[in-house]
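Chemist: Contents of my_file.tsv (TSV, C-alpha atoms) are below:
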```
chain	number	residue	atom	x	y	z
I	64	MET	CA	-27.36	-50.80	-150.38
I	65	LEU	CA	-26.79	-50.32	-146.68
I	66	PRO	CA	-25.19	-47.02	-145.62
I	67	ILE	CA	-21.42	-47.12	-146.18
I	68	ASP	CA	-18.80	-44.41	-146.29
I	69	ALA	CA	-17.87	-43.55	-149.89
I	70	GLU	CA	-14.17	-43.81	-149.07
I	71	ALA	CA	-14.64	-47.29	-147.60
I	72	LEU	CA	-16.64	-48.43	-150.63
I	73	ALA	CA	-14.00	-47.19	-153.06
I	74	ALA	CA	-11.21	-48.81	-151.03
I	75	LEU	CA	-12.78	-52.29	-150.76
I	76	PRO	CA	-10.24	-53.97	-153.10
I	77	GLN	CA	-7.35	-52.51	-151.04
I	78	ALA	CA	-8.77	-53.39	-147.60
I	79	LEU	CA	-6.01	-54.40	-145.17
I	80	GLY	CA	-8.27	-56.81	-143.32
I	81	ARG	CA	-11.84	-57.83	-142.61
I	82	PRO	CA	-12.45	-58.24	-138.89
I	83	TYR	CA	-15.73	-59.57	-137.60
I	84	ARG	CA	-17.66	-59.73	-134.36
I	85	ALA	CA	-20.92	-60.97	-132.83
I	86	GLU	CA	-23.33	-59.90	-130.09
I	87	TRP	CA	-26.17	-61.69	-128.35
I	88	SER	CA	-29.29	-60.64	-126.45
I	89	ASN	CA	-31.94	-62.44	-124.44
I	90	ASP	CA	-34.15	-59.40	-123.80
I	91	GLY	CA	-35.42	-58.65	-127.29
I	92	GLY	CA	-32.46	-56.46	-128.21
I	93	THR	CA	-32.72	-54.04	-125.30
I	94	THR	CA	-29.14	-54.87	-124.31
I	95	TRP	CA	-26.40	-56.64	-126.24
I	96	ALA	CA	-23.35	-58.49	-124.99
I	97	PRO	CA	-20.28	-59.40	-127.10
I	98	CYS	CA	-19.29	-62.97	-127.80
I	99	GLY	CA	-16.62	-64.67	-129.86
I	100	LEU	CA	-16.86	-66.32	-133.27
I	101	ALA	CA	-14.83	-69.35	-134.27
I	102	ALA	CA	-12.68	-68.42	-137.25
I	103	GLY	CA	-14.35	-69.16	-140.56
I	104	SER	CA	-17.53	-70.45	-138.93
I	105	ALA	CA	-19.94	-67.59	-139.68
I	106	GLN	CA	-21.54	-68.04	-143.08
I	107	VAL	CA	-24.16	-65.51	-144.13
I	108	THR	CA	-26.76	-65.81	-146.88
I	109	ALA	CA	-29.09	-63.02	-148.04
I	110	GLU	CA	-31.78	-63.98	-150.54
I	111	ARG	CA	-34.84	-62.13	-151.82
I	112	GLY	CA	-36.88	-65.24	-152.56
I	113	ALA	CA	-36.32	-66.97	-149.23
I	114	GLU	CA	-38.73	-67.04	-146.29
I	115	VAL	CA	-36.21	-64.93	-144.35
I	116	ARG	CA	-34.05	-62.36	-146.11
I	117	TYR	CA	-30.96	-63.13	-143.99
I	118	SER	CA	-29.89	-66.49	-142.58
I	119	ALA	CA	-26.59	-67.68	-141.16
I	120	GLN	CA	-24.75	-70.36	-139.26
I	121	ALA	CA	-21.88	-69.84	-136.86
I	122	VAL	CA	-19.96	-71.18	-133.88
I	123	LEU	CA	-20.22	-68.80	-130.90
I	124	THR	CA	-17.55	-68.81	-128.20
I	125	GLY	CA	-17.10	-67.27	-124.77
I	126	VAL	CA	-20.79	-67.39	-123.91
I	127	PRO	CA	-22.86	-69.84	-121.83
I	128	HIS	CA	-25.34	-72.31	-123.28
I	129	GLY	CA	-28.88	-72.61	-121.96
I	130	ALA	CA	-31.50	-70.37	-120.37
I	131	ALA	CA	-28.95	-67.82	-119.12
I	132	GLY	CA	-27.02	-67.87	-122.39
I	133	ILE	CA	-27.52	-68.97	-125.97
I	134	ASN	CA	-30.79	-70.83	-126.46
I	135	SER	CA	-33.31	-71.38	-129.25
I	136	ILE	CA	-36.19	-69.65	-127.46
I	137	SER	CA	-35.20	-66.12	-126.51
I	138	THR	CA	-31.77	-65.46	-128.01
I	139	ASN	CA	-31.12	-62.95	-130.78
I	140	VAL	CA	-27.69	-62.66	-132.41
I	141	ARG	CA	-26.18	-59.78	-134.37
I	142	LEU	CA	-23.26	-60.32	-136.74
I	143	TRP	CA	-20.91	-57.60	-137.97
I	144	GLN	CA	-18.41	-57.45	-140.84
I	145	GLY	CA	-15.56	-54.96	-140.61
I	146	ILE	CA	-13.34	-53.31	-143.20
I	147	SER	CA	-9.84	-52.26	-142.12
I	148	LEU	CA	-8.42	-49.35	-144.11
I	149	PRO	CA	-5.04	-47.59	-143.82
I	150	ARG	CA	-4.71	-45.06	-141.00
I	151	THR	CA	-8.28	-45.35	-139.73
I	152	ASN	CA	-10.43	-47.44	-137.44
I	153	PRO	CA	-12.38	-50.34	-138.98
I	154	VAL	CA	-15.66	-49.54	-140.69
I	155	TRP	CA	-18.36	-51.87	-139.33
I	156	LEU	CA	-21.28	-53.11	-141.41
I	157	PRO	CA	-24.23	-55.12	-140.06
I	158	ALA	CA	-24.43	-58.68	-141.37
I	159	GLY	CA	-27.84	-59.57	-139.98
I	160	ARG	CA	-29.91	-59.68	-136.81
I	161	TYR	CA	-31.15	-63.18	-136.17
I	162	THR	CA	-33.21	-65.41	-133.97
I	163	VAL	CA	-31.49	-68.64	-132.91
I	164	THR	CA	-33.43	-71.59	-134.31
I	165	ARG	CA	-30.98	-74.28	-133.18
I	166	ALA	CA	-28.15	-74.26	-130.63
I	167	ALA	CA	-25.88	-77.25	-130.04
I	168	LEU	CA	-22.93	-77.33	-127.64
I	169	GLY	CA	-19.86	-78.53	-129.54
I	170	ARG	CA	-16.16	-78.97	-128.93
I	171	THR	CA	-15.18	-75.50	-130.14
I	172	GLY	CA	-18.27	-73.56	-129.01
I	173	ILE	CA	-22.00	-73.33	-129.50
I	174	GLN	CA	-23.05	-74.21	-133.03
I	175	VAL	CA	-26.05	-72.08	-133.98
I	176	GLU	CA	-28.41	-71.88	-136.91
I	177	LEU	CA	-29.76	-68.38	-137.39
I	178	ASP	CA	-32.80	-67.02	-139.22
I	179	GLY	CA	-33.88	-63.43	-139.74
I	180	LEU	CA	-36.58	-61.87	-137.57
I	181	GLU	CA	-39.23	-62.70	-140.20
I	182	ASP	CA	-39.16	-66.13	-138.58
I	183	GLU	CA	-40.48	-64.67	-135.32
I	184	VAL	CA	-43.29	-62.84	-137.12
I	185	ARG	CA	-44.31	-66.05	-138.87
I	186	ALA	CA	-44.32	-67.92	-135.57
I	187	ALA	CA	-46.61	-65.27	-134.05
I	188	GLY	CA	-49.70	-66.39	-135.93
I	189	PHE	CA	-53.11	-65.11	-134.93
I	190	PRO	CA	-54.49	-67.20	-132.05
I	191	THR	CA	-57.99	-66.52	-133.32
I	192	ALA	CA	-59.45	-65.19	-136.55
I	193	ARG	CA	-59.71	-61.40	-136.56
I	194	THR	CA	-60.24	-58.43	-138.81
I	195	VAL	CA	-57.39	-56.07	-139.63
I	196	GLY	CA	-58.22	-52.52	-140.71
I	197	PRO	CA	-59.49	-50.57	-142.40
I	198	GLY	CA	-56.75	-48.00	-142.03
I	199	LEU	CA	-53.57	-46.56	-143.49
I	200	ALA	CA	-50.88	-49.04	-144.48
I	201	ARG	CA	-48.32	-47.55	-142.07
I	202	ASP	CA	-50.67	-47.93	-139.10
I	203	LEU	CA	-51.68	-51.51	-139.89
I	204	VAL	CA	-48.07	-52.61	-140.48
I	205	ALA	CA	-46.99	-50.99	-137.21
I	206	GLU	CA	-49.77	-52.80	-135.35
I	207	LEU	CA	-49.06	-56.22	-136.85
I	208	VAL	CA	-45.28	-55.97	-136.43
I	209	GLY	CA	-45.49	-54.45	-132.96
I	210	GLU	CA	-47.57	-57.35	-131.67
I	211	ALA	CA	-44.93	-59.86	-132.80
I	212	LEU	CA	-41.71	-57.85	-132.44
I	213	PRO	CA	-42.18	-55.18	-129.78
I	214	GLY	CA	-39.56	-52.46	-130.01
I	215	VAL	CA	-38.31	-53.38	-133.49
I	216	PRO	CA	-38.19	-50.32	-135.81
I	217	ILE	CA	-40.02	-50.10	-139.15
I	218	ALA	CA	-38.73	-48.21	-142.20
I	219	TRP	CA	-40.57	-47.23	-145.39
I	220	ARG	CA	-38.41	-46.71	-148.47
I	221	ASP	CA	-39.15	-44.32	-151.30
I	222	GLY	CA	-41.39	-45.81	-153.97
I	223	VAL	CA	-44.05	-47.20	-151.61
I	224	ASP	CA	-46.75	-44.96	-150.15
I	225	PRO	CA	-47.29	-45.75	-146.45
I	226	ASP	CA	-50.43	-43.60	-146.41
I	227	THR	CA	-52.31	-45.81	-148.88
I	228	PRO	CA	-55.75	-46.72	-147.49
I	229	VAL	CA	-56.17	-50.45	-146.87
I	230	PRO	CA	-59.66	-51.97	-146.64
I	231	GLN	CA	-60.68	-54.39	-143.93
I	232	ILE	CA	-58.92	-57.77	-144.08
I	233	MET	CA	-60.21	-61.00	-142.61
I	234	ALA	CA	-57.13	-62.64	-141.08
I	235	THR	CA	-57.24	-66.27	-139.98
I	236	GLU	CA	-53.79	-67.51	-138.95
I	237	ASP	CA	-50.91	-66.14	-141.01
I	238	ARG	CA	-49.61	-62.79	-139.71
I	239	TRP	CA	-46.74	-62.63	-142.21
I	240	GLY	CA	-49.13	-63.41	-145.04
I	241	VAL	CA	-51.20	-60.33	-144.16
I	242	LEU	CA	-48.07	-58.19	-144.04
I	243	ALA	CA	-46.40	-59.55	-147.18
I	244	ALA	CA	-48.18	-61.47	-149.93
I	245	GLY	CA	-50.61	-63.96	-148.42
I	246	THR	CA	-53.85	-65.28	-149.92
I	247	ASP	CA	-57.21	-66.30	-148.54
I	248	VAL	CA	-58.93	-69.66	-149.09
I	249	SER	CA	-60.11	-68.53	-152.54
I	250	GLY	CA	-56.60	-67.59	-153.64
I	251	THR	CA	-57.27	-63.85	-153.51
I	252	GLY	CA	-54.32	-61.82	-152.27
I	253	THR	CA	-54.45	-60.37	-148.76
I	254	GLY	CA	-50.87	-59.07	-148.43
I	255	ILE	CA	-50.49	-55.38	-147.63
I	256	ALA	CA	-47.00	-54.97	-149.14
I	257	ALA	CA	-47.96	-56.79	-152.35
I	258	ALA	CA	-51.01	-54.54	-152.76
I	259	LEU	CA	-48.68	-51.52	-152.55
I	260	ALA	CA	-46.52	-52.92	-155.38
I	261	GLY	CA	-43.84	-53.55	-152.79
I	262	GLU	CA	-42.30	-56.14	-150.53
I	263	ILE	CA	-41.48	-56.39	-146.83
I	264	TRP	CA	-38.37	-57.84	-145.21
I	265	VAL	CA	-36.05	-57.48	-142.24
I	266	ASP	CA	-32.77	-55.90	-143.32
I	267	ALA	CA	-29.27	-56.62	-142.02
I	268	ARG	CA	-29.71	-54.06	-139.23
I	269	GLY	CA	-32.83	-55.82	-137.93
I	270	VAL	CA	-35.16	-53.12	-139.26
I	271	VAL	CA	-38.50	-54.26	-140.69
I	272	THR	CA	-38.46	-52.60	-144.11
I	273	VAL	CA	-41.18	-51.97	-146.69
I	274	GLY	CA	-39.91	-51.00	-150.12
I	275	PRO	CA	-40.75	-51.15	-153.83
I	276	VAL	CA	-40.05	-54.22	-155.93
I	277	PRO	CA	-36.55	-53.62	-157.34
I	278	THR	CA	-35.98	-53.32	-161.08
I	279	LEU	CA	-32.99	-53.04	-163.39
I	280	ALA	CA	-33.95	-49.39	-163.92
I	281	ASP	CA	-33.00	-48.58	-160.33
I	282	PRO	CA	-29.79	-46.59	-159.71
I	283	VAL	CA	-26.53	-48.54	-159.84
I	284	VAL	CA	-25.02	-48.78	-156.35
I	285	TRP	CA	-21.71	-50.47	-157.19
I	286	ARG	CA	-19.54	-51.14	-160.23
I	287	VAL	CA	-17.87	-54.53	-160.42
I	288	GLY	CA	-14.92	-54.20	-162.77
I	289	ARG	CA	-11.92	-56.15	-164.01
I	290	GLY	CA	-8.23	-55.35	-164.07
I	291	ALA	CA	-5.90	-54.00	-161.44
I	292	GLY	CA	-7.79	-53.35	-158.24
I	293	GLY	CA	-10.97	-54.78	-159.71
I	294	VAL	CA	-13.22	-57.05	-157.75
I	295	LEU	CA	-14.46	-59.42	-160.44
I	296	VAL	CA	-12.34	-62.43	-161.34
I	297	GLU	CA	-14.63	-64.28	-163.73
I	298	PRO	CA	-18.40	-64.33	-164.20
I	299	GLN	CA	-19.87	-67.83	-164.28
I	300	GLU	CA	-22.91	-67.43	-166.48
I	301	GLU	CA	-25.91	-69.69	-166.14
I	302	GLN	CA	-29.34	-69.15	-167.65
I	303	SER	CA	-32.71	-70.31	-166.35
I	304	SER	CA	-36.31	-69.41	-167.12
I	305	ASP	CA	-37.54	-70.33	-163.64
I	306	GLY	CA	-40.19	-67.86	-162.54
I	307	LEU	CA	-40.24	-66.05	-165.88
I	308	ILE	CA	-43.55	-64.28	-166.63
I	309	ASN	CA	-43.84	-61.72	-169.42
I	310	LEU	CA	-47.56	-60.89	-169.19
I	311	TRP	CA	-49.40	-60.04	-165.97
I	312	ALA	CA	-53.13	-59.56	-165.37
I	313	VAL	CA	-53.94	-57.94	-162.01
I	314	SER	CA	-57.41	-57.33	-160.60
I	315	GLY	CA	-58.90	-56.10	-157.34
I	316	GLU	CA	-62.11	-55.25	-155.53
I	317	ALA	CA	-63.62	-51.80	-155.17
I	318	GLY	CA	-65.59	-52.80	-152.06
I	319	ASP	CA	-69.12	-51.92	-150.94
I	320	GLY	CA	-70.65	-53.87	-153.79
I	321	ALA	CA	-68.92	-51.83	-156.50
I	322	PRO	CA	-67.71	-53.57	-159.68
I	323	ALA	CA	-64.40	-55.43	-159.54
I	324	ILE	CA	-61.24	-53.52	-160.46
I	325	GLY	CA	-59.42	-54.46	-163.64
I	326	PRO	CA	-57.83	-56.54	-164.74
I	327	ALA	CA	-54.90	-54.25	-165.48
I	328	TYR	CA	-52.28	-55.67	-167.81
I	329	ALA	CA	-48.54	-55.26	-168.09
I	330	TRP	CA	-46.28	-57.08	-170.52
I	331	ASP	CA	-42.78	-56.99	-171.95
I	332	ASP	CA	-43.22	-54.64	-174.91
I	333	ASP	CA	-39.55	-54.37	-175.89
I	334	PRO	CA	-39.07	-55.99	-179.34
I	335	ASN	CA	-35.34	-56.38	-178.59
I	336	SER	CA	-36.00	-58.51	-175.50
I	337	LEU	CA	-35.90	-62.29	-175.59
I	338	THR	CA	-38.98	-62.20	-173.36
I	339	TYR	CA	-40.96	-59.92	-175.73
I	340	ALA	CA	-44.66	-60.76	-175.35
I	341	GLY	CA	-45.73	-59.19	-178.64
I	342	PRO	CA	-47.15	-55.79	-179.62
I	343	ASP	CA	-50.53	-56.40	-177.90
I	344	PRO	CA	-50.91	-59.89	-176.43
I	345	VAL	CA	-54.24	-58.95	-174.81
I	346	GLY	CA	-56.07	-57.16	-177.62
I	347	ASP	CA	-54.33	-58.77	-180.60
I	348	PRO	CA	-52.79	-62.12	-179.64
I	349	LEU	CA	-52.39	-63.18	-183.30
I	350	ALA	CA	-50.11	-60.24	-184.15
I	351	PRO	CA	-46.88	-62.30	-183.81
I	352	GLN	CA	-48.31	-64.84	-186.29
I	353	ARG	CA	-49.17	-62.16	-188.84
I	354	GLN	CA	-45.91	-60.25	-188.40
I	355	GLY	CA	-43.61	-63.27	-188.53
I	356	LEU	CA	-42.47	-62.94	-184.90
I	357	TYR	CA	-42.21	-66.68	-184.53
I	358	TRP	CA	-39.96	-66.58	-181.45
I	359	VAL	CA	-42.53	-64.74	-179.33
I	360	ARG	CA	-43.92	-66.76	-176.43
I	361	GLN	CA	-46.34	-65.69	-173.72
I	362	ARG	CA	-45.87	-66.74	-170.11
I	363	VAL	CA	-48.91	-65.44	-168.29
I	364	GLY	CA	-49.34	-64.68	-164.60
I	365	ARG	CA	-52.52	-63.62	-162.81
I	366	HIS	CA	-52.91	-61.89	-159.47
I	367	SER	CA	-56.00	-60.79	-157.58
I	368	SER	CA	-56.10	-58.95	-154.26
I	369	ALA	CA	-58.92	-57.71	-152.08
I	370	LEU	CA	-56.61	-54.84	-151.09
I	371	ILE	CA	-56.41	-53.42	-154.63
I	372	THR	CA	-59.22	-50.89	-154.75
I	373	THR	CA	-58.41	-48.61	-157.73
I	374	ALA	CA	-57.44	-49.09	-161.37
I	375	ASP	CA	-54.23	-47.08	-160.86
I	376	GLN	CA	-53.24	-49.35	-157.98
I	377	ALA	CA	-53.89	-52.44	-160.11
I	378	ALA	CA	-51.75	-51.02	-162.93
I	379	THR	CA	-48.91	-50.22	-160.52
I	380	VAL	CA	-48.98	-53.74	-159.09
I	381	ALA	CA	-49.02	-55.24	-162.60
I	382	ARG	CA	-45.93	-53.24	-163.58
I	383	SER	CA	-44.09	-54.18	-160.39
I	384	ARG	CA	-44.85	-57.88	-160.82
I	385	LEU	CA	-43.68	-57.73	-164.42
I	386	ALA	CA	-40.41	-56.07	-163.37
I	387	ASP	CA	-39.88	-58.79	-160.77
I	388	SER	CA	-40.58	-61.72	-163.10
I	389	LEU	CA	-38.60	-60.68	-166.19
I	390	GLY	CA	-34.97	-61.49	-166.82
I	391	VAL	CA	-32.75	-64.50	-167.16
I	392	GLN	CA	-31.03	-65.89	-164.07
I	393	SER	CA	-27.26	-65.50	-164.29
I	394	SER	CA	-24.62	-66.54	-161.76
I	395	LEU	CA	-21.59	-64.35	-161.13
I	396	ALA	CA	-18.61	-65.20	-158.93
I	397	LEU	CA	-17.21	-62.10	-157.24
I	398	THR	CA	-13.85	-62.41	-155.54
I	399	ALA	CA	-11.14	-60.23	-153.98
I	400	ALA	CA	-13.58	-57.86	-152.31
I	401	CYS	CA	-16.47	-58.79	-150.05
I	402	ASN	CA	-18.98	-55.93	-149.97
I	403	ALA	CA	-21.24	-56.61	-146.99
I	404	ALA	CA	-23.14	-53.37	-147.68
I	405	LEU	CA	-24.81	-54.93	-150.72
I	406	GLU	CA	-28.39	-56.09	-150.32
I	407	PRO	CA	-30.60	-58.38	-152.39
I	408	GLY	CA	-32.44	-56.13	-154.82
I	409	ASP	CA	-29.48	-53.82	-155.40
I	410	VAL	CA	-28.48	-53.04	-158.98
I	411	VAL	CA	-24.81	-53.38	-159.84
I	412	GLU	CA	-22.94	-52.79	-163.07
I	413	VAL	CA	-20.71	-55.70	-164.01
I	414	GLU	CA	-17.88	-55.82	-166.53
I	415	THR	CA	-18.76	-59.26	-167.93
I	416	ALA	CA	-16.07	-59.04	-170.63
I	417	PRO	CA	-13.28	-56.50	-171.13
I	418	GLY	CA	-14.99	-53.19	-171.84
I	419	VAL	CA	-18.50	-54.73	-171.75
I	420	TRP	CA	-20.69	-53.53	-168.87
I	421	GLU	CA	-24.09	-54.94	-167.95
I	422	ARG	CA	-26.66	-54.04	-165.33
I	423	HIS	CA	-27.46	-56.88	-162.95
I	424	LEU	CA	-30.02	-57.09	-160.15
I	425	ILE	CA	-28.82	-59.06	-157.15
I	426	ASP	CA	-31.17	-61.85	-156.06
I	427	SER	CA	-28.91	-63.46	-153.46
I	428	LEU	CA	-25.57	-63.03	-151.71
I	429	SER	CA	-23.43	-65.36	-149.62
I	430	TRP	CA	-20.15	-64.88	-147.82
I	431	THR	CA	-18.11	-65.98	-144.82
I	432	LEU	CA	-17.35	-63.32	-142.25
I	433	GLY	CA	-13.69	-62.37	-142.49
I	434	ALA	CA	-13.23	-63.74	-146.00
I	435	ALA	CA	-12.12	-61.59	-148.90
I	436	SER	CA	-14.64	-62.99	-151.37
I	437	MET	CA	-18.36	-63.26	-151.81
I	438	SER	CA	-20.63	-64.82	-154.38
I	439	CYS	CA	-23.92	-63.56	-155.71
I	440	ARG	CA	-26.72	-64.69	-157.99
I	441	THR	CA	-28.06	-61.98	-160.24
I	442	ARG	CA	-30.73	-61.38	-162.83
I	443	THR	CA	-30.33	-59.38	-166.00
I	444	THR	CA	-32.40	-58.62	-169.08
I	445	ALA	CA	-31.87	-60.91	-172.03
I	446	ARG	CA	-31.75	-59.12	-175.37
I	447	ARG	CA	-31.72	-60.43	-178.91
I	448	LEU	CA	-28.46	-60.10	-180.82
```
What would you get if you wrote out this structure as structure tokens?

Modeler:
Amino acid sequence: MLPIDAEALAALPQALGRPYRAEWSNDGGTTWAPCGLAAGSAQVTAERGAEVRYSAQAVLTGVPHGAAGINSISTNVRLWQGISLPRTNPVWLPAGRYTVTRAALGRTGIQVELDGLEDEVRAAGFPTARTVGPGLARDLVAELVGEALPGVPIAWRDGVDPDTPVPQIMATEDRWGVLAAGTDVSGTGTGIAAALAGEIWVDARGVVTVGPVPTLADPVVWRVGRGAGGVLVEPQEEQSSDGLINLWAVSGEAGDGAPAIGPAYAWDDDPNSLTYAGPDPVGDPLAPQRQGLYWVRQRVGRHSSALITTADQAATVARSRLADSLGVQSSLALTAACNAALEPGDVVEVETAPGVWERHLIDSLSWTLGAASMSCRTRTTARRL
């Protein structure tokens, strides 16, 4: 979750108002100028599985259109969501830094479509094939990001080691693929973040962030309860097995002609889980048949990366991919309090029925700036009754 004052977080259901504002820049974020937003026009979406973590659409007012104003070549936009509390100034939370991908002059202002800064990194493909590395992950990420987004800060979150050595990578076109989770022509992984058992994104502040793959075991950042002052009206539950994998095999290369690494395996070994893969699906795949575990099904995923150079690294990546691919998709409708500090990947505790609390991992969020409500799609572990 983005930094937020504890008092403001606790007072979300009693907020007196939710102001909003916008800023624009044509010099890469060196300077920012304020502009207006048409009421109800700014809709923000944050999604882990999307090509850009944050996207939005809005109608900007009080600003020129064209080369000296809002345009789809050089303009960046920052959105802000405020929280008005009694006897204090509004608390402002970032709601995304964006590049303008479309700008159309309309009757009420300039209608813009906005994508996160990942879009600019993707557009900055390599003009010619080149090698990247070898070197430390932090140095290679700084180099690749700095070439595409000069001046944009980079943050490393706990759980990912920025000093992990990365072997030499042959990069052809896709800069973001080298940073995140790309593959070469043979299908072998070349993404630096993926090889660190992590992921890379641009957060709501416009900071390029490298962090671990989130899991339901992460600390709870917010409780979504019922009753007086609560923020949950009614969960709308929906289940889907899209993307479900309960057994991962991960391999890598040791380099310099040494034997290949792995594969390392990770599977759902919880007998109480609906996605239980069995006691040993690799060494004893017939165990469910012998033990009468007739509901057990295996959904297998494989991953190979030239950047995985040790058995421990392969095992870490296997565990992170398992954590990211388990769980049943469940939709929850949150109303009465829009918490713009939440991020995709956060773990929240939800009172799904009176007195029944469940951990949920947020996959996506959407809200309108100034509105009291937000909706989110979450994932939670399915357990047998």

Chemist: Just the number, please: distance in Å from CA of Ala167 (chain I) to CA of Gly188 (chain I), one decimal.

Modeler: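 These two atoms are separated by 26.8 Å.
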
Chemist: Identify which of the residues I:Ala109, I:Leu142, I:Cys98, I:Val410 lies closest to Val287 (chain I), counting only C-alpha atoms when measuring atom-to-atom distances.

Modeler: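 Result for the nearest residue to Val287 (chain I): I:Val410.
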
Chemist: Set the distance at 6 Å and use all atoms listed in the file: which residues neighbour Val363 (chain I) once local chain neighbours fewer than 3 positions away are removed? I'd like the list as a ChimeraX atom specification.

Modeler: /I:308,310-311

Chemist: Excluding Gly91 (chain I) and any residue of its chain fewer than 4 positions from it, enumerate the residues within 10 Å of it, using only C-alpha atoms, and give them as a PyMOL selection string.

Modeler: chain I and resi 87+95+137-139+162+212-215

Chemist: When distances are computed from only C-alpha atoms, which of I:Thr379, I:Thr431, I:Thr444, I:Ser436 shows the smallest separation from Gln144 (chain I)?

Modeler: I:Thr431

Chemist: Could you check how far CA of Ala404 (chain I) sits from CA of Gly99 (chain I), in Å to one decimal?

Modeler: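 Going from CA of Ala404 (chain I) over to CA of Gly99 (chain I) covers 22.1 Å.
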
Chemist: Could you check how far CA of Asp305 (chain I) sits from CA of Thr441 (chain I), in Å to one decimal?

Modeler: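 Result for CA of Asp305 (chain I) versus CA of Thr441 (chain I): 13.1 Å, one decimal.
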